[in-house]
>>> print(open('data00.pdb').read())   # PDB, C-alpha atoms and all ligand atoms
ATOM      1  CA  MET A  61     -50.528 105.730 174.443
ATOM      2  CA  ILE A  62     -52.236 102.559 175.609
ATOM      3  CA  ILE A  63     -55.787 101.853 174.476
ATOM      4  CA  VAL A  64     -57.734  99.114 176.203
ATOM      5  CA  GLU A  65     -61.034  98.264 174.559
ATOM      6  CA  ARG A  66     -63.635  96.060 176.173
ATOM      7  CA  LEU A  67     -61.094  93.570 177.507
ATOM      8  CA  THR A  68     -62.698  90.544 179.093
ATOM      9  CA  LYS A  69     -61.124  87.429 180.595
ATOM     10  CA  LYS A  70     -63.117  84.458 181.749
ATOM     11  CA  TYR A  71     -61.724  81.465 183.577
ATOM     12  CA  GLY A  72     -64.453  78.855 183.217
ATOM     13  CA  GLY A  73     -67.563  80.427 184.695
ATOM     14  CA  PHE A  74     -65.571  83.133 186.536
ATOM     15  CA  THR A  75     -65.070  86.537 184.936
ATOM     16  CA  ALA A  76     -61.747  87.953 186.168
ATOM     17  CA  VAL A  77     -61.845  91.013 183.859
ATOM     18  CA  ASP A  78     -65.180  92.251 182.652
ATOM     19  CA  ASP A  79     -65.483  94.622 179.703
ATOM     20  CA  VAL A  80     -62.629  96.912 180.742
ATOM     21  CA  SER A  81     -61.904  99.985 178.611
ATOM     22  CA  PHE A  82     -59.583 102.895 179.280
ATOM     23  CA  VAL A  83     -56.816 104.956 177.755
ATOM     24  CA  ALA A  84     -53.411 105.767 179.267
ATOM     25  CA  ARG A  85     -52.139 108.924 177.628
ATOM     26  CA  PRO A  86     -48.643 110.165 176.861
ATOM     27  CA  GLY A  87     -47.290 112.778 179.253
ATOM     28  CA  ARG A  88     -49.373 111.358 182.081
ATOM     29  CA  VAL A  89     -49.062 108.817 184.828
ATOM     30  CA  THR A  90     -52.154 106.631 184.904
ATOM     31  CA  GLY A  91     -52.807 104.793 188.140
ATOM     32  CA  PHE A  92     -54.633 101.474 187.903
ATOM     33  CA  LEU A  93     -56.187 101.100 191.307
ATOM     34  CA  GLY A  94     -58.097  98.212 192.812
ATOM     35  CA  PRO A  95     -58.164  95.878 195.794
ATOM     36  CA  ASN A  96     -56.435  92.500 195.704
ATOM     37  CA  GLY A  97     -57.994  90.219 193.150
ATOM     38  CA  ALA A  98     -59.761  93.057 191.327
ATOM     39  CA  GLY A  99     -58.291  92.077 187.970
ATOM     40  CA  LYS A 100     -55.358  94.513 187.583
ATOM     41  CA  SER A 101     -52.667  91.919 186.891
ATOM     42  CA  THR A 102     -54.865  89.973 184.505
ATOM     43  CA  THR A 103     -55.642  93.165 182.569
ATOM     44  CA  MET A 104     -51.955  94.065 182.385
ATOM     45  CA  ARG A 105     -50.990  90.563 181.334
ATOM     46  CA  MET A 106     -53.507  90.769 178.500
ATOM     47  CA  MET A 107     -51.988  94.097 177.417
ATOM     48  CA  VAL A 108     -48.594  92.492 176.988
ATOM     49  CA  ALA A 109     -49.806  89.280 175.369
ATOM     50  CA  LEU A 110     -49.037  87.002 178.319
ATOM     51  CA  THR A 111     -52.685  86.106 178.785
ATOM     52  CA  ALA A 112     -55.083  85.708 175.868
ATOM     53  CA  PRO A 113     -58.242  87.776 176.280
ATOM     54  CA  THR A 114     -61.614  86.076 176.002
ATOM     55  CA  SER A 115     -62.694  89.152 174.070
ATOM     56  CA  GLY A 116     -61.670  92.763 173.554
ATOM     57  CA  SER A 117     -58.271  94.164 172.678
ATOM     58  CA  ALA A 118     -55.415  96.345 173.831
ATOM     59  CA  THR A 119     -52.990  98.361 171.769
ATOM     60  CA  VAL A 120     -49.751 100.001 172.778
ATOM     61  CA  LEU A 121     -48.500 102.801 170.530
ATOM     62  CA  GLY A 122     -51.183 101.836 168.032
ATOM     63  CA  ARG A 123     -50.348  98.148 167.761
ATOM     64  CA  ARG A 124     -51.125  94.985 169.612
ATOM     65  CA  PHE A 125     -48.158  94.136 171.834
ATOM     66  CA  ALA A 126     -47.531  90.912 169.930
ATOM     67  CA  ASP A 127     -47.210  92.930 166.711
ATOM     68  CA  LEU A 128     -44.523  95.304 168.014
ATOM     69  CA  PRO A 129     -41.280  94.497 166.178
ATOM     70  CA  ASN A 130     -38.997  94.970 169.193
ATOM     71  CA  PRO A 131     -41.330  95.461 172.160
ATOM     72  CA  GLY A 132     -38.545  96.018 174.718
ATOM     73  CA  LEU A 133     -37.547  99.229 172.923
ATOM     74  CA  GLU A 134     -41.096 100.534 173.026
ATOM     75  CA  VAL A 135     -42.693  99.141 176.151
ATOM     76  CA  GLY A 136     -41.045  98.601 179.515
ATOM     77  CA  VAL A 137     -42.863  95.935 181.480
ATOM     78  CA  LEU A 138     -42.613  94.966 185.139
ATOM     79  CA  LEU A 139     -45.241  92.449 186.100
ATOM     80  CA  ASP A 140     -43.865  90.301 188.867
ATOM     81  CA  ALA A 141     -40.531  91.264 190.339
ATOM     82  CA  SER A 142     -40.369  87.983 192.218
ATOM     83  CA  ALA A 143     -40.504  86.021 188.972
ATOM     84  CA  GLN A 144     -36.898  86.900 188.055
ATOM     85  CA  HIS A 145     -34.547  83.933 187.807
ATOM     86  CA  ALA A 146     -33.315  83.452 191.378
ATOM     87  CA  GLY A 147     -30.055  81.775 190.322
ATOM     88  CA  ARG A 148     -28.860  84.644 188.125
ATOM     89  CA  THR A 149     -27.177  87.777 189.355
ATOM     90  CA  GLY A 150     -28.805  91.150 188.795
ATOM     91  CA  ARG A 151     -26.070  92.048 186.324
ATOM     92  CA  GLU A 152     -26.669  88.861 184.330
ATOM     93  CA  ILE A 153     -30.379  89.580 184.107
ATOM     94  CA  LEU A 154     -29.686  93.091 182.861
ATOM     95  CA  ALA A 155     -27.050  91.804 180.437
ATOM     96  CA  ILE A 156     -29.553  89.370 178.908
ATOM     97  CA  ALA A 157     -31.971  92.248 178.330
ATOM     98  CA  GLN A 158     -29.177  94.466 176.965
ATOM     99  CA  GLN A 159     -28.051  91.779 174.493
ATOM    100  CA  THR A 160     -31.564  90.762 173.476
ATOM    101  CA  LEU A 161     -32.409  94.362 172.679
ATOM    102  CA  GLY A 162     -29.076  94.973 170.919
ATOM    103  CA  LEU A 163     -28.031  97.768 173.266
ATOM    104  CA  PRO A 164     -24.484  98.941 174.065
ATOM    105  CA  VAL A 165     -22.769  97.373 177.099
ATOM    106  CA  ALA A 166     -22.484 100.829 178.671
ATOM    107  CA  ARG A 167     -26.222 100.695 179.242
ATOM    108  CA  LEU A 168     -25.657  98.164 182.047
ATOM    109  CA  ARG A 169     -23.737 100.639 184.171
ATOM    110  CA  GLU A 170     -26.290 103.370 183.422
ATOM    111  CA  MET A 171     -29.092 101.159 184.658
ATOM    112  CA  THR A 172     -27.412  99.940 187.845
ATOM    113  CA  ASP A 173     -26.591 103.580 188.624
ATOM    114  CA  LEU A 174     -30.150 104.652 187.855
ATOM    115  CA  VAL A 175     -31.683 102.184 190.286
ATOM    116  CA  SER A 176     -28.843 102.494 192.832
ATOM    117  CA  LEU A 177     -27.663  98.901 192.751
ATOM    118  CA  THR A 178     -24.050  98.794 193.931
ATOM    119  CA  ASP A 179     -21.521  96.594 192.123
ATOM    120  CA  ALA A 180     -21.594  94.126 194.997
ATOM    121  CA  GLU A 181     -25.386  93.958 194.857
ATOM    122  CA  ALA A 182     -25.449  93.599 191.082
ATOM    123  CA  ASP A 183     -23.116  90.593 191.389
ATOM    124  CA  ARG A 184     -25.288  88.880 193.976
ATOM    125  CA  ARG A 185     -27.796  86.208 192.964
ATOM    126  CA  VAL A 186     -31.334  87.515 192.751
ATOM    127  CA  GLY A 187     -32.488  84.748 195.081
ATOM    128  CA  ASN A 188     -30.712  86.682 197.824
ATOM    129  CA  TYR A 189     -32.275  90.044 196.935
ATOM    130  CA  SER A 190     -34.850  91.758 199.110
ATOM    131  CA  LEU A 191     -38.197  92.486 197.445
ATOM    132  CA  GLY A 192     -37.200  96.162 197.176
ATOM    133  CA  MET A 193     -33.965  95.243 195.357
ATOM    134  CA  ARG A 194     -35.925  92.978 193.011
ATOM    135  CA  GLN A 195     -38.275  95.837 192.242
ATOM    136  CA  ARG A 196     -35.313  98.109 191.464
ATOM    137  CA  LEU A 197     -33.817  95.457 189.206
ATOM    138  CA  GLY A 198     -37.215  94.938 187.561
ATOM    139  CA  ILE A 199     -37.534  98.664 186.940
ATOM    140  CA  ALA A 200     -34.000  98.742 185.490
ATOM    141  CA  THR A 201     -34.920  95.858 183.166
ATOM    142  CA  ALA A 202     -38.111  97.646 182.125
ATOM    143  CA  LEU A 203     -36.226 100.869 181.389
ATOM    144  CA  ILE A 204     -33.099  99.491 179.748
ATOM    145  CA  GLY A 205     -34.473  99.849 176.206
ATOM    146  CA  ASP A 206     -35.500 103.462 176.895
ATOM    147  CA  PRO A 207     -39.129 102.678 176.020
ATOM    148  CA  GLU A 208     -41.809 105.296 175.597
ATOM    149  CA  VAL A 209     -44.470 103.293 177.441
ATOM    150  CA  LEU A 210     -44.161 101.762 180.896
ATOM    151  CA  ILE A 211     -46.518  99.087 182.246
ATOM    152  CA  LEU A 212     -45.718  98.368 185.869
ATOM    153  CA  ASP A 213     -47.680  96.079 188.183
ATOM    154  CA  GLU A 214     -47.367  97.159 191.827
ATOM    155  CA  PRO A 215     -43.864  98.603 191.357
ATOM    156  CA  ALA A 216     -43.852 100.176 194.820
ATOM    157  CA  ASN A 217     -44.281  96.824 196.597
ATOM    158  CA  GLY A 218     -41.359  96.241 198.912
ATOM    159  CA  LEU A 219     -39.800  99.674 198.445
ATOM    160  CA  ASP A 220     -39.048 101.708 201.548
ATOM    161  CA  PRO A 221     -40.307 105.327 201.757
ATOM    162  CA  ALA A 222     -37.142 106.677 200.121
ATOM    163  CA  GLY A 223     -37.487 104.060 197.387
ATOM    164  CA  ILE A 224     -41.111 105.014 196.798
ATOM    165  CA  ARG A 225     -40.138 108.668 196.447
ATOM    166  CA  TRP A 226     -37.346 107.723 194.066
ATOM    167  CA  MET A 227     -39.741 105.711 191.940
ATOM    168  CA  ARG A 228     -42.321 108.466 191.968
ATOM    169  CA  ASP A 229     -39.724 110.992 190.716
ATOM    170  CA  LEU A 230     -38.548 108.531 188.089
ATOM    171  CA  LEU A 231     -42.063 107.930 186.744
ATOM    172  CA  ARG A 232     -42.936 111.625 186.911
ATOM    173  CA  GLY A 233     -39.790 112.421 184.902
ATOM    174  CA  HIS A 234     -40.694 109.776 182.348
ATOM    175  CA  ALA A 235     -44.186 111.198 181.868
ATOM    176  CA  ASP A 236     -42.889 114.776 181.795
ATOM    177  CA  ARG A 237     -40.631 113.805 178.894
ATOM    178  CA  GLY A 238     -43.743 112.658 177.023
ATOM    179  CA  GLY A 239     -43.793 109.002 178.053
ATOM    180  CA  THR A 240     -46.880 106.994 178.946
ATOM    181  CA  VAL A 241     -46.853 105.412 182.392
ATOM    182  CA  LEU A 242     -49.412 102.886 183.616
ATOM    183  CA  LEU A 243     -48.889 101.549 187.097
ATOM    184  CA  SER A 244     -51.099  99.480 189.326
ATOM    185  CA  SER A 245     -51.525  99.545 193.045
ATOM    186  CA  HIS A 246     -53.955  98.329 195.667
ATOM    187  CA  LEU A 247     -53.226 101.425 197.780
ATOM    188  CA  LEU A 248     -55.208 104.581 197.130
ATOM    189  CA  ASN A 249     -52.679 106.937 198.705
ATOM    190  CA  GLU A 250     -49.851 105.502 196.629
ATOM    191  CA  ILE A 251     -51.791 106.197 193.437
ATOM    192  CA  GLU A 252     -52.992 109.539 194.743
ATOM    193  CA  VAL A 253     -49.455 110.924 195.038
ATOM    194  CA  ILE A 254     -48.136 109.602 191.740
ATOM    195  CA  ALA A 255     -50.980 109.534 189.228
ATOM    196  CA  ASP A 256     -52.471 112.206 186.984
ATOM    197  CA  ASP A 257     -55.296 109.922 185.908
ATOM    198  CA  ILE A 258     -56.929 107.136 187.848
ATOM    199  CA  VAL A 259     -58.676 104.028 186.601
ATOM    200  CA  MET A 260     -60.367 102.199 189.443
ATOM    201  CA  ILE A 261     -61.318  98.538 189.085
ATOM    202  CA  GLY A 262     -63.340  96.311 191.395
ATOM    203  CA  ASN A 263     -64.578  92.786 190.763
ATOM    204  CA  GLY A 264     -63.138  92.908 187.271
ATOM    205  CA  ARG A 265     -65.115  95.998 186.245
ATOM    206  CA  ILE A 266     -64.154  99.636 185.957
ATOM    207  CA  VAL A 267     -65.950 101.505 188.689
ATOM    208  CA  SER A 268     -64.512 104.966 188.079
ATOM    209  CA  GLN A 269     -62.010 106.694 185.851
ATOM    210  CA  GLY A 270     -60.832 110.175 185.052
ATOM    211  CA  ALA A 271     -58.348 112.866 186.005
ATOM    212  CA  LYS A 272     -57.267 112.576 189.622
ATOM    213  CA  THR A 273     -58.167 116.160 190.463
ATOM    214  CA  ASP A 274     -61.690 115.584 189.179
ATOM    215  CA  LEU A 275     -62.104 112.221 190.876
ATOM    216  CA  LEU A 276     -60.803 113.236 194.257
ATOM    217  CA  HIS A 277     -62.955 116.304 194.393
ATOM    218  CA  ALA A 278     -66.328 116.227 196.053
ATOM    219  CA  ALA A 279     -69.493 115.877 194.019
ATOM    220  CA  GLY A 280     -70.405 118.697 191.719
ATOM    221  CA  THR A 281     -70.969 119.431 188.085
ATOM    222  CA  VAL A 282     -68.754 119.433 185.043
ATOM    223  CA  VAL A 283     -69.868 121.940 182.461
ATOM    224  CA  ARG A 284     -68.559 123.029 179.111
ATOM    225  CA  ALA A 285     -69.523 125.697 176.595
ATOM    226  CA  GLU A 286     -67.997 126.968 173.409
ATOM    227  CA  ASP A 287     -67.414 130.279 175.153
ATOM    228  CA  LEU A 288     -65.859 128.969 178.341
ATOM    229  CA  ASN A 289     -64.812 132.419 179.542
ATOM    230  CA  ALA A 290     -68.361 133.750 179.354
ATOM    231  CA  LEU A 291     -69.582 130.686 181.238
ATOM    232  CA  ASP A 292     -66.883 131.153 183.856
ATOM    233  CA  ARG A 293     -67.937 134.805 184.344
ATOM    234  CA  ALA A 294     -71.643 133.950 184.503
ATOM    235  CA  LEU A 295     -71.108 131.249 187.153
ATOM    236  CA  ALA A 296     -68.803 133.528 189.154
ATOM    237  CA  ALA A 297     -71.396 136.322 188.991
ATOM    238  CA  TRP A 298     -73.776 133.967 190.790
ATOM    239  CA  GLY A 299     -71.173 133.403 193.449
ATOM    240  CA  LEU A 300     -70.421 129.846 192.326
ATOM    241  CA  GLU A 301     -66.889 128.654 192.818
ATOM    242  CA  VAL A 302     -65.475 127.425 189.534
ATOM    243  CA  ARG A 303     -62.287 125.541 188.768
ATOM    244  CA  PRO A 304     -60.974 124.345 185.453
ATOM    245  CA  SER A 305     -61.354 120.567 185.241
ATOM    246  CA  GLU A 306     -58.427 118.551 183.934
ATOM    247  CA  ASP A 307     -60.023 117.923 180.565
ATOM    248  CA  GLY A 308     -60.590 121.566 179.767
ATOM    249  CA  ALA A 309     -64.163 121.961 181.051
ATOM    250  CA  LEU A 310     -65.277 123.777 184.207
ATOM    251  CA  HIS A 311     -65.974 122.092 187.523
ATOM    252  CA  THR A 312     -68.236 123.589 190.169
ATOM    253  CA  ASP A 313     -69.760 122.312 193.394
ATOM    254  CA  ALA A 314     -73.215 123.565 192.335
ATOM    255  CA  ASP A 315     -75.711 121.052 191.011
ATOM    256  CA  ALA A 316     -76.452 120.646 187.320
ATOM    257  CA  VAL A 317     -79.924 122.252 187.477
ATOM    258  CA  LEU A 318     -78.520 125.498 188.877
ATOM    259  CA  VAL A 319     -75.606 125.538 186.442
ATOM    260  CA  GLY A 320     -78.020 124.997 183.540
ATOM    261  CA  LYS A 321     -80.240 127.847 184.711
ATOM    262  CA  VAL A 322     -77.310 130.232 185.103
ATOM    263  CA  ALA A 323     -76.169 129.427 181.582
ATOM    264  CA  LEU A 324     -79.683 129.843 180.187
ATOM    265  CA  ASN A 325     -80.049 133.156 181.943
ATOM    266  CA  ALA A 326     -76.767 134.360 180.465
ATOM    267  CA  GLY A 327     -77.704 133.117 176.995
ATOM    268  CA  ILE A 328     -74.802 130.671 176.886
ATOM    269  CA  ALA A 329     -75.182 127.486 174.867
ATOM    270  CA  LEU A 330     -73.723 124.522 176.751
ATOM    271  CA  THR A 331     -71.902 121.736 175.000
ATOM    272  CA  GLU A 332     -71.713 119.496 178.084
ATOM    273  CA  LEU A 333     -73.422 119.351 181.461
ATOM    274  CA  ARG A 334     -73.041 116.391 183.777
ATOM    275  CA  ALA A 335     -72.551 115.332 187.365
ATOM    276  CA  ALA A 336     -68.865 115.126 188.236
ATOM    277  CA  HIS A 337     -68.090 111.434 188.295
ATOM    278  CA  GLY A 338     -66.154 109.706 190.988
ATOM    279  CA  ALA A 339     -67.454 111.734 193.863
ATOM    280  CA  GLY A 340     -65.996 110.267 196.996
ATOM    281  CA  LEU A 341     -63.334 108.137 195.361
ATOM    282  CA  GLU A 342     -62.043 107.210 198.753
ATOM    283  CA  GLU A 343     -65.417 105.991 200.012
ATOM    284  CA  MET A 344     -65.911 104.061 196.819
ATOM    285  CA  PHE A 345     -62.518 102.463 197.193
ATOM    286  CA  LEU A 346     -63.074 101.623 200.845
ATOM    287  CA  GLU A 347     -66.374 100.032 199.975
ATOM    288  CA  LEU A 348     -64.655  97.952 197.327
ATOM    289  CA  THR A 349     -61.863  96.844 199.604
ATOM    290  CA  ALA A 350     -64.221  96.091 202.469
ATOM    291  CA  GLY A 351     -67.008  94.324 200.671
ATOM    292  CA  THR A 352     -66.021  93.027 197.310
ATOM    293  CA  GLN A 353     -62.413  91.967 197.230
ATOM    294  CA  ARG A 354     -62.002  88.441 196.088
ATOM    295  CA  GLU A 355     -59.478  87.109 198.487
ATOM    296  CA  GLY A 356     -61.248  83.764 198.468
ATOM    297  CA  ALA A 357     -61.062  83.488 194.718
ATOM    298  CA  ALA A 358     -57.504  84.831 194.592
ATOM    299  CA  ALA A 359     -56.129  82.328 197.091
TER     300      ALA A 359
HETATM  301  N1  LIG A 401     -55.095  81.607 185.694
HETATM  302  C1  LIG A 401     -56.173  81.869 186.462
HETATM  303  N2  LIG A 401     -57.138  80.964 186.634
HETATM  304  C2  LIG A 401     -58.225  81.236 187.388
HETATM  305  N3  LIG A 401     -58.445  82.400 188.011
HETATM  306  C3  LIG A 401     -57.510  83.351 187.867
HETATM  307  C4  LIG A 401     -56.324  83.146 187.093
HETATM  308  N4  LIG A 401     -55.583  84.297 187.125
HETATM  309  C5  LIG A 401     -56.269  85.150 187.907
HETATM  310  N5  LIG A 401     -57.420  84.606 188.347
HETATM  311  C6  LIG A 401     -58.430  85.232 189.209
HETATM  312  O1  LIG A 401     -58.816  86.445 188.631
HETATM  313  C7  LIG A 401     -59.028  87.437 189.637
HETATM  314  C8  LIG A 401     -58.221  88.662 189.324
HETATM  315  O2  LIG A 401     -56.871  88.412 189.592
HETATM  316  P1  LIG A 401     -55.714  89.476 189.351
HETATM  317  O3  LIG A 401     -54.417  88.829 189.734
HETATM  318  O4  LIG A 401     -55.838  90.028 187.993
HETATM  319  O5  LIG A 401     -56.092  90.598 190.390
HETATM  320  P2  LIG A 401     -55.235  91.833 190.894
HETATM  321  O6  LIG A 401     -56.157  92.997 190.888
HETATM  322  O7  LIG A 401     -53.989  91.948 190.134
HETATM  323  O8  LIG A 401     -54.952  91.428 192.392
HETATM  324  P3  LIG A 401     -53.587  91.484 193.250
HETATM  325  O9  LIG A 401     -53.414  92.901 193.658
HETATM  326  O10 LIG A 401     -53.952  90.591 194.406
HETATM  327  O11 LIG A 401     -52.509  90.926 192.390
HETATM  328  C9  LIG A 401     -58.677  86.778 190.961
HETATM  329  O12 LIG A 401     -59.862  86.357 191.589
HETATM  330  C10 LIG A 401     -57.824  85.603 190.549
HETATM  331  O13 LIG A 401     -57.951  84.545 191.463
END
>>> encode(input="data00.pdb", output="structure tokens", more="lines below")
Ligand SMILES: Nc1ncnc2c1ncn2[C@@H]1O[C@H](COP(=O)(O)OP(=O)(O)OP(=O)(O)O)[C@@H](O)[C@H]1O
Amino acid sequence: MIIVERLTKKYGGFTAVDDVSFVARPGRVTGFLGPNGAGKSTTMRMMVALTAPTSGSATVLGRRFADLPNPGLEVGVLLDASAQHAGRTGREILAIAQQTLGLPVARLREMTDLVSLTDAEADRRVGNYSLGMRQRLGIATALIGDPEVLILDEPANGLDPAGIRWMRDLLRGHADRGGTVLLSSHLLNEIEVIADDIVMIGNGRIVSQGAKTDLLHAAGTVVRAEDLNALDRALAAWGLEVRPSEDGALHTDADAVLVGKVALNAGIALTELRAAHGAGLEEMFLELTAGTQREGAAA
């Protein structure tokens, strides 16, 4: 579990990350989506104590990253695959991580196999790696300590389609075994295929967040009652199409006024009634990428 609470980062008069809060849950892949310069990397760097927040906090597995006794065994981090030491070989980089974390030597072979780096490739200097190979090495380094939580900044960058599928399966497997996966991307479709939950950021602020199935669905209403079955039957009796929402409520395309009236008519007490957030995630994202990305500031 990762909990981000009101994280803010200011550089002089410029606010790169503005009051960002979200939770990445175990068993789920959380996609951190936003155009270039939106503040994804800065948020992730604050999570892993590489950048000091101006205010707010982030905890990983209940503690601030800096307070984790052996972070590499609990959190796998890939922030910038290009930042690996160009003069070292892939195997040397993995060996440093293996020794630092006190892991058996056999782990090296397991990791090169996992990310499909051949012996010849592992013995090549990283300066001669393609971006895709660097990403694979970075993922191997993040995973070597078998951490529960993964924080990966644009891990699909530079991977070919087969590599992207491989990574997707890897991250899915990690979450299915109960791990927490947070990965960023500036591509909606990349996040759409991998993520269970989406946190969308633009201009340093969260613009939308929630379960992917809820966010990608058209506008509608999320409704909850103590007796969910009775509510389901009452809505269906009015011919309203109802689906379970990811967080255990019901989701319908009908508007909130109608849903409220149906419930009243059936004598059902509601515990929640609200417009489904994130209607038109794609439009929202396109608007962000078209109008508000900060390429100027990021340059
Ligand atoms: N050290 C810094 N000093 C000043 N401004 C910074 C610094 N680091 C980041 N920024 C600015 O903060 C904003 C957010 O940058 P950040 O790298 O977090 O965005 P991002 O969403 O990760 O984008 P990208 O996908 O392009 O990496 C950008 O406008 C960037 O120029």
>>> residues_around(input="data00.pdb", residues="A:Val83", least_positions_apart="6", cutoff="10 Å", atoms="only C-alpha atoms", output="compact mmCIF listing (two decimals) with C-alpha atoms, in the coordinates of the input")
# COMPACT_ATOMS: atom_id res chain seq x y z
CA MET A 61 -50.53 105.73 174.44
CA ILE A 62 -52.24 102.56 175.61
CA ILE A 63 -55.79 101.85 174.48
CA VAL A 64 -57.73 99.11 176.20
CA GLU A 65 -61.03 98.26 174.56
CA THR A 90 -52.15 106.63 184.90
CA ALA A 118 -55.42 96.34 173.83
CA THR A 119 -52.99 98.36 171.77
CA VAL A 120 -49.75 100.00 172.78
CA LEU A 242 -49.41 102.89 183.62
CA ASP A 257 -55.30 109.92 185.91
CA VAL A 259 -58.68 104.03 186.60
CA GLN A 269 -62.01 106.69 185.85
CA GLY A 270 -60.83 110.18 185.05
>>> atom_distance(input="data00.pdb", atom1="atom CA of A:Val283", atom2="atom CA of A:Ala335")
8.7 Å
>>> closest_residue(input="data00.pdb", among="A:Leu93, A:Val282, A:Leu210, A:Leu67", to="ligand LIG 401 (chain A)", atoms="all atoms listed in the file")
A:Leu93
>>> closest_residue(input="data00.pdb", among="A:Ala290, A:Val175, A:Gly264, A:Thr201", to="A:Asp229", atoms="only C-alpha atoms")
A:Val175
>>> resolve_selection(input="data00.pdb", expression="the PyMOL selection byres (((not hetatm)) within 10 of (chain A and resi 401))", output="ChimeraX atom specification")
/A:69-77,92-106,111,139-140,213-214,244-247,261-264,353-359
>>> atom_distance(input="data00.pdb", atom1="atom CA of A:Leu212", atom2="atom CA of A:Val241")
7.9 Å
>>> closest_residue(input="data00.pdb", among="A:Ala297, A:Leu110, A:Leu248, A:Ile224", to="A:Ala126", atoms="all atoms listed in the file")
A:Leu110
>>> atom_distance(input="data00.pdb", atom1="atom CA of A:Gly320", atom2="atom CA of A:Thr273")
22.8 Å
>>> closest_residue(input="data00.pdb", among="A:Leu203, A:Ala84, A:Val317, A:Leu324", to="A:Leu161", atoms="only C-alpha atoms")
A:Leu203
>>> residues_around(input="data00.pdb", residues="A:Ile254", least_positions_apart="2", cutoff="6 Å", atoms="all atoms listed in the file", output="MDAnalysis selection string")
chainID A and resid 228 251:252
>>> residues_around(input="data00.pdb", residues="A:Gly162", least_positions_apart="3", cutoff="12 Å", atoms="only C-alpha atoms", output="list in words")
Asn130, Gly132, Leu133, Ala155, Ile156, Ala157, Gln158, Gln159, Val165, Ala166, Arg167, Ile204 and Gly205 of chain A
>>> closest_residue(input="data00.pdb", among="A:Met260, A:Leu191, A:Val322, A:Ala200", to="A:Met171", atoms="all atoms listed in the file")
A:Ala200
>>> closest_residue(input="data00.pdb", among="A:Pro131, A:Gly147, A:Pro215, A:Pro207", to="A:Arg194", atoms="all atoms listed in the file")
A:Pro215
>>> closest_atom_pairs(input="data00.pdb", of="stretch 104-175 of chain A", to="stretch 183-186 of chain A", cutoff="9 Å", atoms="only C-alpha atoms", output="CSV")
residue,atom,partner,partner_atom,distance
A:Gln144,CA,A:Val186,CA,7.3
A:His145,CA,A:Val186,CA,6.9
A:Ala146,CA,A:Val186,CA,4.7
A:Gly147,CA,A:Arg185,CA,5.6
A:Arg148,CA,A:Arg185,CA,5.2
A:Thr149,CA,A:Arg185,CA,4.0
A:Gly150,CA,A:Val186,CA,5.9
A:Arg151,CA,A:Asp183,CA,6.0
A:Glu152,CA,A:Asp183,CA,8.1
A:Ile153,CA,A:Val186,CA,8.9
>>> write_last_selection(input="data00.pdb", atoms="C-alpha atoms", output="compact mmCIF listing (two decimals), in the frame of the given file")
# COMPACT_ATOMS: atom_id res chain seq x y z
CA GLN A 144 -36.90 86.90 188.06
CA HIS A 145 -34.55 83.93 187.81
CA ALA A 146 -33.32 83.45 191.38
CA GLY A 147 -30.06 81.78 190.32
CA ARG A 148 -28.86 84.64 188.12
CA THR A 149 -27.18 87.78 189.36
CA GLY A 150 -28.80 91.15 188.80
CA ARG A 151 -26.07 92.05 186.32
CA GLU A 152 -26.67 88.86 184.33
CA ILE A 153 -30.38 89.58 184.11
>>> resolve_selection(input="data00.pdb", expression="the PyMOL selection byres (((chain A and resi 328-334) around 7) and not hetatm)", output="CSV table (one decimal) with C-alpha atoms, in the frame of the given file")
chain,number,residue,atom,x,y,z
A,281,THR,CA,-71.0,119.4,188.1
A,282,VAL,CA,-68.8,119.4,185.0
A,283,VAL,CA,-69.9,121.9,182.5
A,284,ARG,CA,-68.6,123.0,179.1
A,285,ALA,CA,-69.5,125.7,176.6
A,286,GLU,CA,-68.0,127.0,173.4
A,291,LEU,CA,-69.6,130.7,181.2
A,316,ALA,CA,-76.5,120.6,187.3
A,323,ALA,CA,-76.2,129.4,181.6
A,324,LEU,CA,-79.7,129.8,180.2
A,326,ALA,CA,-76.8,134.4,180.5
A,327,GLY,CA,-77.7,133.1,177.0
A,335,ALA,CA,-72.6,115.3,187.4
A,336,ALA,CA,-68.9,115.1,188.2
>>> axis_aligned_box(input="data00.pdb", around="stretch 151-157 of chain A", padding_each_side="4 Å", output="JSON")
{"center_x": -29.0, "center_y": 91.0, "center_z": 182.3, "size_x": 13.9, "size_y": 12.2, "size_z": 16.0}
>>> residues_around(input="data00.pdb", residues="A:Gly223", least_positions_apart="2", cutoff="10 Å", atoms="only C-alpha atoms", output="PyMOL selection string")
chain A and resi 175-176+192-193+195-196+216-221+225-229
>>> build_atoms(input="data00.pdb", residues="stretch 207-212 of chain A", atoms="N, CA and C atoms", output="mmCIF file, keeping the file's coordinate frame")
data_model
loop_
_atom_site.group_PDB
_atom_site.id
_atom_site.type_symbol
_atom_site.label_atom_id
_atom_site.label_comp_id
_atom_site.auth_asym_id
_atom_site.auth_seq_id
_atom_site.Cartn_x
_atom_site.Cartn_y
_atom_site.Cartn_z
ATOM 1 N N PRO A 207 -37.824 102.737 176.692
ATOM 2 C CA PRO A 207 -39.129 102.678 176.020
ATOM 3 C C PRO A 207 -39.974 103.903 176.307
ATOM 4 N N GLU A 208 -40.920 104.144 175.413
ATOM 5 C CA GLU A 208 -41.809 105.296 175.597
ATOM 6 C C GLU A 208 -42.919 104.969 176.608
ATOM 7 N N VAL A 209 -43.338 103.697 176.602
ATOM 8 C CA VAL A 209 -44.470 103.293 177.441
ATOM 9 C C VAL A 209 -43.980 102.388 178.575
ATOM 10 N N LEU A 210 -44.488 102.630 179.763
ATOM 11 C CA LEU A 210 -44.161 101.762 180.896
ATOM 12 C C LEU A 210 -45.428 101.131 181.442
ATOM 13 N N ILE A 211 -45.394 99.810 181.652
ATOM 14 C CA ILE A 211 -46.518 99.087 182.246
ATOM 15 C C ILE A 211 -45.973 98.365 183.477
ATOM 16 N N LEU A 212 -46.338 98.849 184.640
ATOM 17 C CA LEU A 212 -45.718 98.368 185.869
ATOM 18 C C LEU A 212 -46.785 97.901 186.858
#
